[in-house]
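A.B. asks: Before anything else, here's the structure in question.
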Amino acid sequence: MEKTLETMTADEKKNDLISKWLSPPGIKFNSPDAEKDYKARVQRILDAINLKKPDRVPVFPMMGFFPAYYAGYTPYDVMYDYDKLMSSFSKYVLDFQPDAHGSVTISPPGKLHDIVDYKLYAWPGHGVAKEHSYQCLEGEYMQANEYDALIDDPTLFFLTSFLPRTMGALDGLKMLSPFTNMTEMYGGFTGAAFVPLGLPPVQAALKAMLDAGNEALKWIGTVAGYGAAMASAGFPGFFGGGTKAPFDTIGDTLRGTRGIITDMYRQPAKLIRAMEQLTPIMVKMGVANARVNGCPIVFIPLHKGADGFMSDEQFKKFYWPTLKALIDGLIAEGCIPFPWAEGGYNSRLKVIKDAPKGKVIWGFDTTNMAEAKKILGDVACIGGNMSIATLSVGTPDDVKASVKKLVADCAKGGGYIMMSGAVIENVPPANVKAMIDATKEFGVY
Amino acid sequence: MAKDLSKALADLKEDEAVAIVKEKLNAGADPMGILNDAGKGMETVGARFSKGEYFIPDLVYSGEILKKINELVKPKLTGGGAAKTGGKVIIGTVAGDIHDIGKDIVVFMLDVSGFEVYDLGVDVPVQKFVDKIKETGAPTVGLSGFLTLAYDSMKQTIDAIKSAGLREKTKIMIGGGQITPEIVKYTGADASGKDAIEGVALARKWASVK
Ligand code: B12
């Protein structure tokens, strides 16, 4: 009898996800060659993660809106027209043949954010030129004195405070009663908790949520269709799911940089308590999507623990403990965490080395890669560092030289994946091609 | 209670610093003197950052404490603030980019190093830099940017400064997470600074040549 998830060990959960990634259920490959290529690509990535020598270094350029630009579209076009999203991102993969694709979720559904009157970002055609990517509008969407509210009941805080503040159309949600009041019939407990749902502002918010849900469904149809089409053509997706380090969850979109930094001094215990409270929630966020997508890799973009952002002491006190707990929690659920260290992580390498062998991918942006290999090489697969500046303004020969150097510095014995250090936007297509082709040329073991 | 405001601020002792300021104001001390002491404290913060003893959180927090002090002192202030002597610097995050953390650190360090800083904010249109150079005659301009689209915005900004006939009189430095020597060449800037300390060094160098 097959074991259920509840009774599986971490390794069994991981093997279950890996077997789904290697043989995606419901996918009919376009040809026997496509099937062979698909499996070889997944195996190549798995070997690198397991610190074994693959046949060659896998190459996975981290895409922003490059595929849209390449097809002659703007970010606005693909955020609002899912056919254009599908066709342009497919064209990129089929033309350039990377070892994996990064889905189309980098391009969020524009109309959905119109419907909810989203305040947290500016986006193409909505505060940003149609030719550019979206931008986060940092602010204090949670006040300094609201830690207790967040800690007591994170979901209620999101429902009645964070969502109404960041989505104008959901303003009515602030009138909601806690759903945890709906314990029973006696005393009208449940009846009373339903009262806000009869009020016009709440109903307007719910209506907006239904409309947003309809739009989300259209968009996710494209996301799923794209994943299936790429798999059928022989290209696996790299990401099972995504989540964030608890420090960044609070520092990026709840309190903002200035807010969280002052909290480090004025109310450090509350900040730490809140991060601990969010950790299991962040684990679940990553695991749930990995299971749905049948791929174990969970992306964790890291922002405010980079070199310079804080001292080593502060990193060890504020940033690392809950990131480590997140990584461990994901591993326990059979996932492969993929923390992506934006900026430099040179001063953090010794700290982040504390992980079980062959279970994590560490992606780097501007970190010194020879050092990263030296310090992390026997513990974790590393990836990244192909300079976004060179990809943007260099020549294909410059790119080729960088690839050659990275392979020399990082690929020895396996355990390296070629990736860009930052997401790729509007760069010359010849440079992206050079990055992929040069890896195929120099990266053979 | 220690009376040394500069030290309390430099050591990031918020409660102590605020208490000293209140005590001094109650005793009828000169508000300008208080601000001078605070300025000295901030200089120490900057110096510690340069030496790698302080990090961004320390700078931001010291800024928060200073804000509180200013709020207490301002109502008692009659004259203007102290004059800056280091020279003028215009700085901003270029058009299309709203990353402000790095720029704010550079502004902070220039400010505590005695420069008169004109901070144009984020997503700054090309023309605004040109207008500000004309208005202030600042010899140094700093362009900050973190997104790759900033490469082109920087180039366009520098081209516009050139077209306005101001390029000869203006030294331009650029910086931000993804700025490399290749980008200096691409944009036509004079130099890049990998951190705020290099930014201050460049501004000093350029202020002394003219
Ligand atoms: C923090 C951060 C954010 C914050 C921004 C908060 C804010 N208020 O600015 C948040 C979380 C909101 C954010 C969002 C996004 N970001 Co962002 N972000 C970063 C990150 C991790 C650090 C940037 C930063 O603030 N550093 C802090 C400073 C202090 O560090 P520093 O570089 O050492 O600073 C020194 C020098 O740069 C220098 N300096 C700076 N300016 C100047 C100017 C002069 C004249 C001089 C001399 C020196 C100088 O002095 C500074 C102080 O010593 C970078 C990674 C990176 N490598 O840059 C990505 C990065 C810039 N983001 C990126 C992206 C794509 C985004 C998003 C679009 C999506 C996403 N992936 O999250 C959104 C939207 C963009 C936006 N601005 O809203 C990409 C850009 C890629 C590209 N091709 O353009 C990057 C490079 C990440 C990556 N590796 O892909 N981001």
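Quick note on naming: the chains in the structure tokens go A, B, ... in the order shown, residues restart at 1 in each chain, and ligands are numbered from 1 in order of appearance.
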With the cut-off set at 8 Å and counting only C-alpha atoms and all ligand atoms, tabulate each residue of chain B with an atom at most that distance from an atom of ligand 1, showing the nearest atom pair and its distance in Å to one decimal, ordered by chain and increasing number, as CSV.
C.D. replies:
```
residue,atom,partner,partner_atom_place_in_ligand_line,distance
B:Ile56,CA,ligand 1,29 (C),7.0
B:Ile91,CA,ligand 1,45 (C),6.8
B:Gly92,CA,ligand 1,43 (C),7.8
B:Thr93,CA,ligand 1,41 (N),7.6
B:Asp97,CA,ligand 1,77 (N),6.2
B:Ile98,CA,ligand 1,77 (N),4.8
B:His99,CA,ligand 1,9 (O),3.1
B:Asp100,CA,ligand 1,9 (O),4.0
B:Ile101,CA,ligand 1,25 (O),4.5
B:Gly102,CA,ligand 1,29 (C),3.5
B:Lys103,CA,ligand 1,41 (N),4.5
B:Asp104,CA,ligand 1,52 (C),7.8
B:Ile105,CA,ligand 1,52 (C),5.1
B:Val106,CA,ligand 1,50 (O),5.6
B:Val141,CA,ligand 1,45 (C),7.2
B:Gly142,CA,ligand 1,45 (C),3.6
B:Leu143,CA,ligand 1,45 (C),4.6
B:Ser144,CA,ligand 1,43 (C),3.8
B:Gly145,CA,ligand 1,41 (N),6.1
B:Phe146,CA,ligand 1,61 (C),4.4
B:Leu147,CA,ligand 1,84 (O),3.3
B:Thr148,CA,ligand 1,84 (O),3.8
B:Leu149,CA,ligand 1,84 (O),6.1
B:Ala150,CA,ligand 1,84 (O),7.8
B:Ile172,CA,ligand 1,45 (C),7.7
B:Met173,CA,ligand 1,45 (C),4.8
B:Ile174,CA,ligand 1,45 (C),4.0
B:Gly175,CA,ligand 1,42 (C),3.5
B:Gly176,CA,ligand 1,37 (O),3.2
B:Gly177,CA,ligand 1,58 (O),3.5
B:Gln178,CA,ligand 1,58 (O),5.7
B:Ile179,CA,ligand 1,37 (O),7.5
B:Ala191,CA,ligand 1,47 (C),7.9
B:Ser192,CA,ligand 1,47 (C),5.5
B:Gly193,CA,ligand 1,47 (C),3.8
B:Lys194,CA,ligand 1,36 (C),5.0
B:Asp195,CA,ligand 1,50 (O),3.4
B:Ala196,CA,ligand 1,53 (O),3.9
B:Ile197,CA,ligand 1,53 (O),6.6
B:Glu198,CA,ligand 1,47 (C),6.1
B:Gly199,CA,ligand 1,47 (C),3.7
B:Val200,CA,ligand 1,47 (C),7.4
B:Leu202,CA,ligand 1,47 (C),7.5
```
A.B. asks: Please check the contacts: residues of chain A at most 6 Å away from chain B, using only C-alpha atoms, listed as JSON, numbers by chain.
C.D. replies: {"A": [261, 262, 308, 309, 310, 311]}
A.B. asks: If DSSP is run on the backbone, what residues of region 142-380 of chain A are alpha helix (DSSP H)? A reply as number ranges by chain would be ideal.
C.D. replies: A: 147-152, 154-157, 163-166, 189-194, 200-232, 246-248, 256-266, 268-293, 312-314, 320-332, 349-352, 369-376
A.B. asks: Near Gly127 (chain A), counting only C-alpha atoms, which residues have an atom at most 12 Å away, once you skip same-chain residues fewer than 2 positions from it, shown as a PyMOL selection string?
C.D. replies: (chain A and resi 76+114+118-125+129-137) or (chain B and resi 96-98+123)
A.B. asks: Residues as selected, N, CA, C and O atoms, written as a compact mmCIF listing (two decimals), in the first residue's frame, can you do that?
C.D. replies:
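Contents of result.txt, freshly written:
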```txt
# COMPACT_ATOMS: atom_id res chain seq x y z
N TYR A 76 4.20 45.44 -19.89
CA TYR A 76 2.75 45.71 -19.85
C TYR A 76 1.99 44.72 -20.72
O TYR A 76 0.99 44.14 -20.31
N ASP A 114 -5.31 45.67 -10.81
CA ASP A 114 -6.23 46.80 -11.04
C ASP A 114 -7.50 46.60 -10.22
O ASP A 114 -7.99 47.53 -9.58
N TYR A 118 -4.37 47.79 -6.08
CA TYR A 118 -3.17 47.42 -5.32
C TYR A 118 -2.30 48.64 -5.05
O TYR A 118 -1.99 49.41 -5.96
N LYS A 119 -1.90 48.83 -3.79
CA LYS A 119 -1.11 50.01 -3.42
C LYS A 119 0.35 49.69 -3.16
O LYS A 119 1.16 50.60 -2.99
N LEU A 120 0.68 48.40 -3.04
CA LEU A 120 2.02 48.02 -2.58
C LEU A 120 3.07 48.13 -3.69
O LEU A 120 4.25 48.24 -3.42
N TYR A 121 2.62 48.07 -4.93
CA TYR A 121 3.54 48.16 -6.06
C TYR A 121 3.03 49.18 -7.06
O TYR A 121 1.83 49.42 -7.16
N ALA A 122 3.98 49.74 -7.82
CA ALA A 122 3.64 50.42 -9.07
C ALA A 122 3.98 49.42 -10.16
O ALA A 122 4.91 48.63 -10.01
N TRP A 123 3.21 49.40 -11.25
CA TRP A 123 3.50 48.42 -12.29
C TRP A 123 3.28 49.05 -13.66
O TRP A 123 2.73 50.16 -13.75
N PRO A 124 3.71 48.34 -14.72
CA PRO A 124 3.66 48.92 -16.06
C PRO A 124 2.26 49.45 -16.39
O PRO A 124 1.28 48.73 -16.25
N GLY A 125 2.21 50.70 -16.79
CA GLY A 125 0.93 51.30 -17.12
C GLY A 125 0.20 51.81 -15.88
O GLY A 125 -0.91 52.33 -15.96
N ALA A 129 6.37 53.08 -16.45
CA ALA A 129 6.22 53.05 -17.90
C ALA A 129 5.95 51.62 -18.37
O ALA A 129 6.41 50.66 -17.75
N LYS A 130 5.19 51.49 -19.47
CA LYS A 130 4.83 50.16 -19.96
C LYS A 130 6.05 49.33 -20.33
O LYS A 130 5.99 48.11 -20.38
N GLU A 131 7.16 50.00 -20.58
CA GLU A 131 8.38 49.32 -21.02
C GLU A 131 9.19 48.76 -19.85
O GLU A 131 10.19 48.09 -20.07
N HIS A 132 8.79 49.05 -18.61
CA HIS A 132 9.62 48.63 -17.48
C HIS A 132 8.89 47.67 -16.55
O HIS A 132 7.67 47.55 -16.59
N SER A 133 9.68 47.02 -15.67
CA SER A 133 9.13 46.07 -14.71
C SER A 133 8.44 46.80 -13.55
O SER A 133 8.56 48.01 -13.40
N TYR A 134 7.75 46.04 -12.74
CA TYR A 134 7.05 46.61 -11.57
C TYR A 134 8.02 46.99 -10.46
O TYR A 134 9.15 46.55 -10.42
N GLN A 135 7.56 47.83 -9.55
CA GLN A 135 8.39 48.32 -8.45
C GLN A 135 7.61 48.30 -7.14
O GLN A 135 6.47 48.73 -7.08
N CYS A 136 8.28 47.84 -6.10
CA CYS A 136 7.66 47.77 -4.77
C CYS A 136 7.71 49.15 -4.09
O CYS A 136 8.75 49.79 -4.07
N LEU A 137 6.61 49.59 -3.55
CA LEU A 137 6.56 50.89 -2.87
C LEU A 137 6.67 50.64 -1.37
O LEU A 137 5.68 50.39 -0.69
N GLY B 96 13.01 55.84 -13.33
CA GLY B 96 12.56 54.46 -13.49
C GLY B 96 12.93 53.56 -12.33
O GLY B 96 12.49 52.42 -12.26
N ASP B 97 13.75 54.03 -11.42
CA ASP B 97 14.22 53.19 -10.30
C ASP B 97 13.83 53.86 -8.98
O ASP B 97 13.98 55.07 -8.84
N ILE B 98 13.30 53.07 -8.07
CA ILE B 98 12.91 53.67 -6.79
C ILE B 98 13.63 53.02 -5.61
O ILE B 98 13.21 53.18 -4.47
N ASP B 123 13.48 58.00 -8.66
CA ASP B 123 12.80 58.10 -9.95
C ASP B 123 12.91 59.53 -10.48
O ASP B 123 11.91 60.15 -10.86
```
A.B. asks: As a ChimeraX atom specification, please: every residue in region 41-171 of chain B that DSSP puts in strand (DSSP E).
C.D. replies: /B:88-93,116-119,140-144,171
A.B. asks: Which neighbours of Asp252 (chain A) fall inside 10 Å, counting only C-alpha atoms, when residues of the same chain fewer than 2 positions from it are skipped, and could you give them as a list in words?
C.D. replies: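 Everything that qualifies: Cys136, Leu137, Glu138, Gly139, Glu140, Tyr141, Lys244, Pro246, Phe247, Asp248, Thr249, Ile250, Leu254, Arg255, Gly256, Thr257, Arg258, Gly259, Ile260, His303 and Lys304 of chain A.
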